[in-house]
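Novice: My structure is below; once you've seen it, I'll send some questions.
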Amino acid sequence: EYFAKFGDKVPAKLREELVRDSFTMPQSDFTLIAQLKERALATKRAAKKSELLRAGLQALAALDSKSLVAALDRLTPIKTGRPKKGH
């Protein structure tokens with residue numbers, strides 16, 4: 001890969017811009033993230049939440065449109081926006 005010659009020191013002008021965002025998920029999805037982190041750690045590969053989410057996006061991107069829609073349809077709908085304080 002092109003960046004391999006730079007090692008961990010990829011020049012700033014060649015790095016992809018990072019974007020910070022927030023979203024709401026059910027507790028069961030956070031539990032699933034914790035389980036996936038444990039599974040990765042069991043293989044001696046630590047994984048950050050953002051890595052798991054990014055890997056999931058890559059996996060979804062590899063699906064054909066019919067499979068993508070089927071995966072989306074399996075989700076439980078949630079109300080968007082921030083939860084009320086105290087919850």
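Following the order of the structure tokens, chains are lettered A, B, ..., residues in each are numbered from 1, and ligands are numbered from 1.
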Pick out the residues sitting within 9 Å of stretch 71-79 of chain A, and hand them over as a list of chain:residue names; count only C-alpha atoms, and ignore anything fewer than 5 positions along from it in its own chain.
Specialist: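 After dropping sequence-adjacent residues, the list is A:Thr24, A:Met25, A:Pro26, A:Leu60, A:Lys66.
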Novice: Mind checking which residues fall within 12 Å of stretch 32-42 of chain A, counting only C-alpha atoms, ignoring those fewer than 3 positions away in the same chain, and posting them as a list in words?
Specialist: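 The residues satisfying every condition are Met25, Pro26, Gln27, Ser28, Asp29, Arg45, Ala46, Ala47, Lys48, Lys49, Ser50, Glu51, Leu52, Leu53, Arg54, Ala55 and Gly56 of chain A.
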Novice: What parts of stretch 8-55 of chain A does DSSP call alpha helix (DSSP H)? I'd like the answer as a list in words.
Specialist: Gln27, Ser28, Asp29, Phe30, Thr31, Leu32, Ile33, Ala34, Gln35, Leu36, Lys37, Glu38, Arg39, Ala40, Leu41, Ala42, Lys49, Ser50, Glu51, Leu52, Leu53, Arg54 and Ala55 of chain A
Novice: Work out how far apart atom CA of A:Val69 and atom CA of A:Glu17 are and give it in Å to one decimal.
Specialist: 28.8 Å
Novice: Have a look at A:Ser22, A:Ala59, A:Leu68, A:Phe30 and name the one nearest to A:Thr80; count only C-alpha atoms.
Specialist: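 Of the candidates, the smallest distance to A:Thr80 is held by A:Ser22.
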Novice: So what do you get for atom CA of A:Thr31 versus atom CA of A:Lys84, distance-wise?
Specialist: 20.6 Å
